[in-house]
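File shown: query-v4.txt (compact mmCIF, C-alpha atoms and all ligand atoms).
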# COMPACT_ATOMS: atom_id res chain seq x y z
CA MET A 1 2.68 -20.49 -27.63
CA ARG A 2 3.63 -23.62 -25.82
CA LYS A 3 5.84 -24.65 -28.74
CA ALA A 4 7.73 -21.34 -28.66
CA TRP A 5 8.44 -21.77 -24.96
CA LEU A 6 9.78 -25.23 -25.61
CA ARG A 7 11.96 -24.00 -28.46
CA TRP A 8 13.56 -21.25 -26.33
CA THR A 9 14.15 -23.60 -23.43
CA THR A 10 15.81 -26.10 -25.73
CA LEU A 11 17.96 -23.40 -27.30
CA GLY A 12 18.93 -22.11 -23.86
CA ALA A 13 19.90 -25.59 -22.68
CA ALA A 14 21.97 -26.14 -25.83
CA ALA A 15 23.79 -22.83 -25.25
CA LEU A 16 24.53 -23.78 -21.65
CA ILE A 17 25.89 -27.18 -22.68
CA ALA A 18 28.05 -25.58 -25.37
CA ALA A 19 29.41 -23.05 -22.88
CA GLY A 20 30.15 -25.85 -20.42
CA CYS A 21 31.99 -27.89 -23.02
CA ALA A 22 34.09 -24.95 -24.09
CA THR A 23 35.69 -24.88 -20.64
CA TYR A 24 37.07 -28.44 -20.90
CA PRO A 25 40.77 -28.67 -21.76
CA ASP A 26 41.63 -30.29 -25.06
CA GLU A 27 42.64 -33.95 -25.42
CA ALA A 28 46.40 -33.33 -25.35
CA THR A 29 46.19 -31.23 -22.18
CA THR A 30 43.99 -33.82 -20.46
CA ARG A 31 46.46 -36.55 -21.36
CA GLN A 32 49.42 -34.49 -20.15
CA ARG A 33 47.73 -33.75 -16.82
CA ALA A 34 46.73 -37.38 -16.29
CA GLU A 35 50.27 -38.61 -17.04
CA LYS A 36 51.70 -36.07 -14.59
CA MET A 37 49.32 -37.24 -11.85
CA VAL A 38 50.26 -40.88 -12.42
CA SER A 39 54.00 -40.19 -12.44
CA GLU A 40 53.73 -38.17 -9.21
CA ASP A 41 51.93 -41.10 -7.58
CA PHE A 42 54.67 -43.55 -8.58
CA SER A 43 57.56 -41.29 -7.63
CA ALA A 44 60.27 -41.30 -4.93
CA PRO A 45 60.16 -44.69 -3.15
CA MET A 46 59.66 -46.68 -6.35
CA PRO A 47 61.76 -45.17 -9.14
CA ALA A 48 61.94 -48.65 -10.69
CA LEU A 49 58.28 -48.35 -11.60
CA LEU A 50 58.65 -44.98 -13.31
CA LYS A 51 60.17 -46.49 -16.46
CA ARG A 52 56.83 -48.16 -17.09
CA LEU A 53 55.27 -44.78 -17.77
CA VAL A 54 57.39 -44.32 -20.86
CA GLN A 55 55.37 -45.87 -23.64
CA ASP A 56 57.13 -47.68 -26.45
CA LYS A 57 56.04 -47.19 -30.06
CA SER A 58 53.46 -50.00 -30.08
CA GLN A 59 52.00 -49.02 -26.71
CA GLN A 60 51.55 -45.50 -28.06
CA ILE A 61 49.66 -46.84 -31.05
CA CYS A 62 47.52 -49.04 -28.79
CA SER A 63 46.78 -46.23 -26.32
CA LYS A 64 44.71 -43.99 -28.56
CA ILE A 65 42.35 -42.43 -26.07
CA ASP A 66 39.36 -41.86 -28.30
CA ASP A 67 37.46 -44.85 -29.62
CA ALA A 68 39.11 -44.64 -33.01
CA LYS A 69 39.63 -48.10 -34.40
CA LEU A 70 43.12 -49.29 -35.10
CA THR A 71 43.79 -48.94 -38.82
CA GLN A 72 45.11 -51.95 -40.74
CA ALA A 73 48.44 -50.20 -41.18
CA GLU A 74 48.73 -49.55 -37.43
CA ALA A 75 47.85 -53.15 -36.55
CA ALA A 76 50.46 -54.36 -39.05
CA GLU A 77 53.05 -52.02 -37.53
CA VAL A 78 52.33 -53.32 -33.99
CA ALA A 79 52.56 -56.95 -35.18
CA LYS A 80 55.83 -56.21 -37.00
CA LEU A 81 57.41 -54.54 -33.95
CA ALA A 82 56.20 -57.45 -31.79
CA HIS A 83 57.77 -60.09 -34.07
CA ALA A 84 61.03 -58.11 -34.12
CA SER A 85 61.08 -58.03 -30.29
CA ILE A 86 61.07 -61.81 -29.85
CA LYS A 87 64.25 -63.40 -28.49
CA TYR A 88 64.73 -67.14 -28.23
CA PRO A 89 66.43 -69.10 -25.43
CA GLN A 90 70.17 -69.67 -25.82
CA SER A 91 69.65 -73.43 -25.69
CA GLY A 92 67.47 -73.19 -28.80
CA LYS A 93 64.96 -75.48 -27.06
CA LEU A 94 61.50 -73.96 -26.93
CA VAL A 95 59.95 -76.64 -24.73
CA GLY A 96 61.16 -76.75 -21.11
CA ASP A 97 59.87 -78.51 -18.00
CA TRP A 98 56.10 -78.54 -17.50
CA LYS A 99 56.46 -78.96 -13.73
CA VAL A 100 58.33 -75.65 -13.44
CA GLY A 101 55.74 -74.13 -15.80
CA ASN A 102 52.92 -75.41 -13.61
CA LYS A 103 54.31 -73.53 -10.62
CA LEU A 104 54.99 -70.37 -12.62
CA ALA A 105 51.55 -70.31 -14.28
CA HIS A 106 49.89 -70.12 -10.87
CA ASP A 107 52.35 -67.61 -9.43
CA GLY A 108 51.19 -64.01 -9.55
CA ALA A 109 54.34 -62.32 -8.22
CA GLY A 110 56.04 -59.42 -9.96
CA ASP A 111 56.68 -55.79 -9.03
CA ARG A 112 54.14 -55.84 -6.20
CA ILE A 113 54.14 -52.93 -3.79
CA GLN A 114 54.05 -53.87 -0.12
CA GLY A 115 54.24 -51.28 2.65
CA GLY A 116 55.20 -48.61 0.12
CA LYS A 117 58.16 -50.64 -1.18
CA LEU A 118 58.74 -52.97 -4.08
CA GLU A 119 58.46 -56.56 -2.87
CA LYS A 120 61.76 -58.47 -2.94
CA ARG A 121 61.63 -61.62 -5.04
CA LYS A 122 63.93 -64.01 -6.86
CA GLU A 123 61.90 -64.24 -10.05
CA ASN A 124 58.58 -63.04 -11.42
CA GLY A 125 55.58 -65.34 -11.64
CA GLY A 126 53.80 -66.11 -14.91
CA LEU A 127 50.43 -64.52 -13.92
CA CYS A 128 48.60 -66.84 -16.35
CA GLN A 129 46.01 -67.95 -13.80
CA ASN A 130 44.97 -64.34 -13.24
CA CYS A 131 43.45 -64.33 -16.73
CA HIS A 132 43.17 -67.94 -17.96
CA ALA A 133 41.55 -71.19 -16.87
CA LEU A 134 44.36 -73.78 -16.81
CA ALA A 135 44.08 -77.36 -15.48
CA PRO A 136 40.55 -78.78 -15.40
CA GLY A 137 38.68 -78.31 -12.13
CA GLU A 138 40.56 -75.26 -10.89
CA ILE A 139 38.01 -72.71 -9.77
CA ASN A 140 40.12 -69.74 -8.69
CA VAL A 141 40.97 -68.57 -12.21
CA GLY A 142 40.51 -65.46 -14.30
CA ASN A 143 38.48 -65.10 -17.47
CA VAL A 144 40.03 -62.06 -19.14
CA GLY A 145 41.66 -64.47 -21.60
CA PRO A 146 40.27 -67.64 -23.23
CA SER A 147 40.41 -70.95 -21.33
CA LEU A 148 43.68 -72.83 -21.93
CA THR A 149 42.31 -76.10 -20.50
CA GLY A 150 43.15 -78.94 -22.90
CA TYR A 151 45.40 -76.62 -24.98
CA GLY A 152 47.78 -79.44 -25.98
CA LEU A 153 44.94 -81.90 -26.57
CA GLN A 154 43.52 -79.54 -29.17
CA ARG A 155 46.74 -78.41 -30.82
CA GLY A 156 49.19 -81.22 -30.26
CA ASN A 157 52.86 -80.65 -29.44
CA SER A 158 54.44 -80.21 -32.87
CA GLU A 159 57.36 -77.85 -33.43
CA ALA A 160 55.00 -75.36 -35.07
CA THR A 161 52.69 -75.36 -32.02
CA ALA A 162 55.68 -74.92 -29.68
CA LYS A 163 56.94 -71.98 -31.76
CA TYR A 164 53.54 -70.25 -31.90
CA THR A 165 53.01 -70.76 -28.15
CA TYR A 166 56.50 -69.47 -27.30
CA GLU A 167 56.07 -66.38 -29.48
CA LYS A 168 52.53 -65.77 -28.22
CA ILE A 169 53.71 -65.73 -24.59
CA TYR A 170 56.84 -63.70 -25.42
CA ASN A 171 54.86 -61.01 -27.21
CA ALA A 172 51.12 -61.61 -27.57
CA TRP A 173 50.80 -58.63 -29.95
CA ALA A 174 52.70 -60.51 -32.66
CA TYR A 175 49.46 -62.41 -33.26
CA PHE A 176 46.82 -60.07 -31.84
CA PRO A 177 47.93 -56.42 -31.94
CA CYS A 178 46.96 -54.39 -28.84
CA SER A 179 45.17 -57.28 -27.09
CA ASN A 180 44.79 -57.39 -23.32
CA MET A 181 47.44 -60.08 -22.95
CA PRO A 182 50.62 -58.55 -21.50
CA ARG A 183 53.82 -58.80 -23.54
CA LEU A 184 55.45 -60.98 -20.91
CA GLY A 185 58.82 -61.63 -22.55
CA ALA A 186 59.18 -58.37 -24.45
CA THR A 187 58.68 -56.27 -21.31
CA GLY A 188 61.21 -58.37 -19.40
CA HIS A 189 58.64 -59.75 -16.98
CA LEU A 190 59.51 -63.36 -17.92
CA THR A 191 62.86 -64.68 -19.16
CA PRO A 192 63.09 -66.81 -22.33
CA GLU A 193 63.85 -69.88 -20.12
CA GLN A 194 60.74 -69.27 -18.01
CA ILE A 195 58.69 -69.04 -21.20
CA THR A 196 59.96 -72.44 -22.38
CA HIS A 197 58.56 -73.92 -19.14
CA MET A 198 55.20 -72.25 -19.80
CA VAL A 199 55.20 -73.73 -23.32
CA ALA A 200 55.82 -77.21 -21.85
CA TYR A 201 53.05 -76.66 -19.33
CA LEU A 202 50.59 -75.93 -22.16
CA ILE A 203 51.60 -78.56 -24.71
CA ASP A 204 53.19 -81.52 -22.85
CA PRO A 205 50.76 -84.49 -22.82
CA GLN A 206 51.79 -85.15 -19.17
CA SER A 207 50.85 -81.64 -18.03
CA PRO A 208 47.72 -81.28 -15.85
CA VAL A 209 46.36 -78.85 -18.49
CA ASN A 210 46.00 -81.82 -20.84
CA LYS A 211 44.47 -84.31 -18.39
CA LYS A 212 40.74 -85.01 -18.44
C1 LIG A 301 46.13 -59.79 -18.15
C2 LIG A 301 45.57 -61.00 -18.67
C3 LIG A 301 46.45 -62.09 -19.23
C4 LIG A 301 47.54 -62.69 -18.66
C5 LIG A 301 48.22 -62.35 -17.35
C6 LIG A 301 47.92 -63.75 -19.56
N1 LIG A 301 47.11 -63.75 -20.66
FE1 LIG A 301 47.17 -65.07 -22.20
N2 LIG A 301 45.66 -64.08 -23.14
C7 LIG A 301 44.96 -63.02 -22.60
C8 LIG A 301 43.98 -62.56 -23.57
C9 LIG A 301 43.01 -61.41 -23.37
C10 LIG A 301 44.10 -63.39 -24.69
C11 LIG A 301 43.27 -63.29 -26.00
C12 LIG A 301 43.84 -62.20 -26.86
C13 LIG A 301 45.17 -62.58 -27.47
O1 LIG A 301 45.23 -63.63 -28.14
O2 LIG A 301 46.15 -61.83 -27.29
C14 LIG A 301 45.16 -64.34 -24.40
C15 LIG A 301 45.60 -65.34 -25.26
C16 LIG A 301 46.52 -66.31 -24.92
C17 LIG A 301 46.93 -67.41 -25.78
C18 LIG A 301 46.43 -67.68 -27.19
C19 LIG A 301 45.32 -68.68 -27.13
C20 LIG A 301 44.98 -69.21 -28.49
O3 LIG A 301 43.84 -69.70 -28.61
O4 LIG A 301 45.81 -69.19 -29.41
C21 LIG A 301 47.85 -68.16 -25.09
C22 LIG A 301 48.58 -69.41 -25.58
C23 LIG A 301 48.03 -67.52 -23.81
N3 LIG A 301 47.21 -66.41 -23.74
C24 LIG A 301 48.88 -67.99 -22.83
C25 LIG A 301 49.17 -67.30 -21.66
C26 LIG A 301 50.15 -67.75 -20.69
C27 LIG A 301 50.94 -69.05 -20.77
C28 LIG A 301 50.19 -66.80 -19.71
C29 LIG A 301 51.12 -66.74 -18.52
C30 LIG A 301 52.53 -66.87 -18.80
C31 LIG A 301 49.22 -65.76 -20.06
N4 LIG A 301 48.63 -66.10 -21.25
C32 LIG A 301 48.98 -64.62 -19.32
C33 LIG A 301 45.15 -62.45 -21.37
C34 LIG A 301 46.18 -62.76 -20.49

Starting from the file, lay out its structure as structure tokens.
Ligand code: HEC
Amino acid sequence: MRKAWLRWTTLGAAALIAAGCATYPDEATTRQRAEKMVSEDFSAPMPALLKRLVQDKSQQICSKIDDAKLTQAEAAEVAKLAHASIKYPQSGKLVGDWKVGNKLAHDGAGDRIQGGKLEKRKENGGLCQNCHALAPGEINVGNVGPSLTGYGLQRGNSEATAKYTYEKIYNAWAYFPCSNMPRLGATGHLTPEQITHMVAYLIDPQSPVNKK
């Protein structure tokens, strides 16, 4: 008797849940509605920000909204697009001035909204400190990315290291498809020259990053 009661209650609950689920919109509609809400929020006073809502091919691949894992073919496609996006400085020199890099690495400026308007600025900051530990002893640093303290001590400053570091900063997805590191050069946030200064900051033996 008691078992029958339990069975009917369970069945009833299952039916209610199923009915509830049936009223949810499908994935495509949910996505469309969410994108519309975001674009309405970023509208009129800041049209410059609207272009960010248009996803490029690799961002589309990386933005799958279910938990489906990236397939090998998709990861390879993202890495290929990332490599193809990389532009090098006109000077051909990948290692700039670590002192300029030091300033940039700790500068978080770039498309900030203040009082409803885009902040005026001469150049964007590197944002590195938001996510990475840099010189030893700095405490106000992020930990979204791995620590870069002692980067040059561990990897040296060969041409190959400079090239990897330049490409990694220009488009992180060339080496780690869909990672949480922004594609700083490919999205136009940093210029190739700025990136050469960041490379120097990470690999120059004189840089504070490589002091003990
Ligand atoms: C929003 C967070 C974020 C910002 C901003 C960011 N990074 Fe990263 N970075 C990451 C994450 C996460 C990883 C690890 C995943 C990967 O390799 O893409 C990473 C990895 C790296 C690596 C590879 C480390 C290795 O062991 O090979 C380097 C080099 C690097 N970042 C440098 C920088 C520099 C320089 C800046 C600033 C110009 C910067 N990052 C800005 C999140 C960030």

Exercise for the section: Could I get the residue neighbourhood of ligand LIG 301 (chain A) at 8 Å, counting only C-alpha atoms and all ligand atoms, as a PyMOL selection string? Expected result: chain A and resi 104-105+125-132+144-148+151+165+168-169+172-173+175-182+184+190+195+198-199+202

- Query: Need the neighbours of (47.2, -45.3, -27.0): which residues are at most 12 Å away, counting only C-alpha atoms, as a PyMOL selection string?
  - Reply: chain A and resi 31+54-70+74+78+178

Dig up all the protein and nucleic acid residues within 8 Å of (51.3, -46.0, -1.8) in the file frame, using only C-alpha atoms, and format them as a list in words.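 The residues that fall inside the cut-off are Asp41, Phe42, Ile113, Gly115 and Gly116 of chain A.
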
| query | If we count only C-alpha atoms, what is near range 91-102 of chain A at a cut-off of 9 Å, once residues fewer than 3 positions away on the same chain are taken out, given as a PyMOL selection string? | reply | chain A and resi 88+105-107+126+159+162-163+166+192-204+206-209

Please produce an output containing C-alpha atoms for each residue in the selection, written as a JSON list (two decimals), in the coordinates of the input.
[["chain", "number", "residue", "atom", "x", "y", "z"],
["A", 88, "TYR", "CA", 64.73, -67.14, -28.23],
["A", 105, "ALA", "CA", 51.55, -70.31, -14.28],
["A", 106, "HIS", "CA", 49.89, -70.12, -10.87],
["A", 107, "ASP", "CA", 52.35, -67.61, -9.43],
["A", 126, "GLY", "CA", 53.80, -66.11, -14.91],
["A", 159, "GLU", "CA", 57.36, -77.85, -33.43],
["A", 162, "ALA", "CA", 55.68, -74.92, -29.68],
["A", 163, "LYS", "CA", 56.94, -71.98, -31.76],
["A", 166, "TYR", "CA", 56.50, -69.47, -27.30],
["A", 192, "PRO", "CA", 63.09, -66.81, -22.33],
["A", 193, "GLU", "CA", 63.85, -69.88, -20.12],
["A", 194, "GLN", "CA", 60.74, -69.27, -18.01],
["A", 195, "ILE", "CA", 58.69, -69.04, -21.20],
["A", 196, "THR", "CA", 59.96, -72.44, -22.38],
["A", 197, "HIS", "CA", 58.56, -73.92, -19.14],
["A", 198, "MET", "CA", 55.20, -72.25, -19.80],
["A", 199, "VAL", "CA", 55.20, -73.73, -23.32],
["A", 200, "ALA", "CA", 55.82, -77.21, -21.85],
["A", 201, "TYR", "CA", 53.05, -76.66, -19.33],
["A", 202, "LEU", "CA", 50.59, -75.93, -22.16],
["A", 203, "ILE", "CA", 51.60, -78.56, -24.71],
["A", 204, "ASP", "CA", 53.19, -81.52, -22.85],
["A", 206, "GLN", "CA", 51.79, -85.15, -19.17],
["A", 207, "SER", "CA", 50.85, -81.64, -18.03],
["A", 208, "PRO", "CA", 47.72, -81.28, -15.85],
["A", 209, "VAL", "CA", 46.36, -78.85, -18.49]]

Between CA of Leu49 in chain A and CA of Gly188 in chain A lies a distance of 13.0 Å

Judged by only C-alpha atoms, the minimum distance to Ala133 in chain A among A:Ala84, A:Leu118, A:Ala75, A:Thr149 is found for A:Thr149

Computed gap from CA of Ala82 in chain A to CA of Arg183 in chain A is 8.7 Å

Quick one: what's the axis-aligned box for range 75-88 of chain A, all listed atoms, 5 Å on every side, centre and edges in Å to one decimal, as lines of an AutoDock Vina configuration file?
center_x = 56.3
center_y = -59.6
center_z = -33.6
size_x = 26.9
size_y = 25.1
size_z = 20.8

Residue nearest Gln90 in chain A among A:Asn171, A:Thr191, A:Asn157, A:Ala186 (counting all atoms listed in the file):
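Answer, going by the shortest atom-to-atom distance: A:Thr191.
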
**Pairwise distance for CA of Ala28 in chain A and CA of Leu50 in chain A, rounded to one decimal in Å** =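 Computing it gives 20.8 Å between the two atoms.
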
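Here the question is which of A:Tyr24, A:Lys51, A:Pro205, A:Gly185 gets nearest to Gln154 in chain A using all atoms listed in the file, and that residue is A:Pro205.
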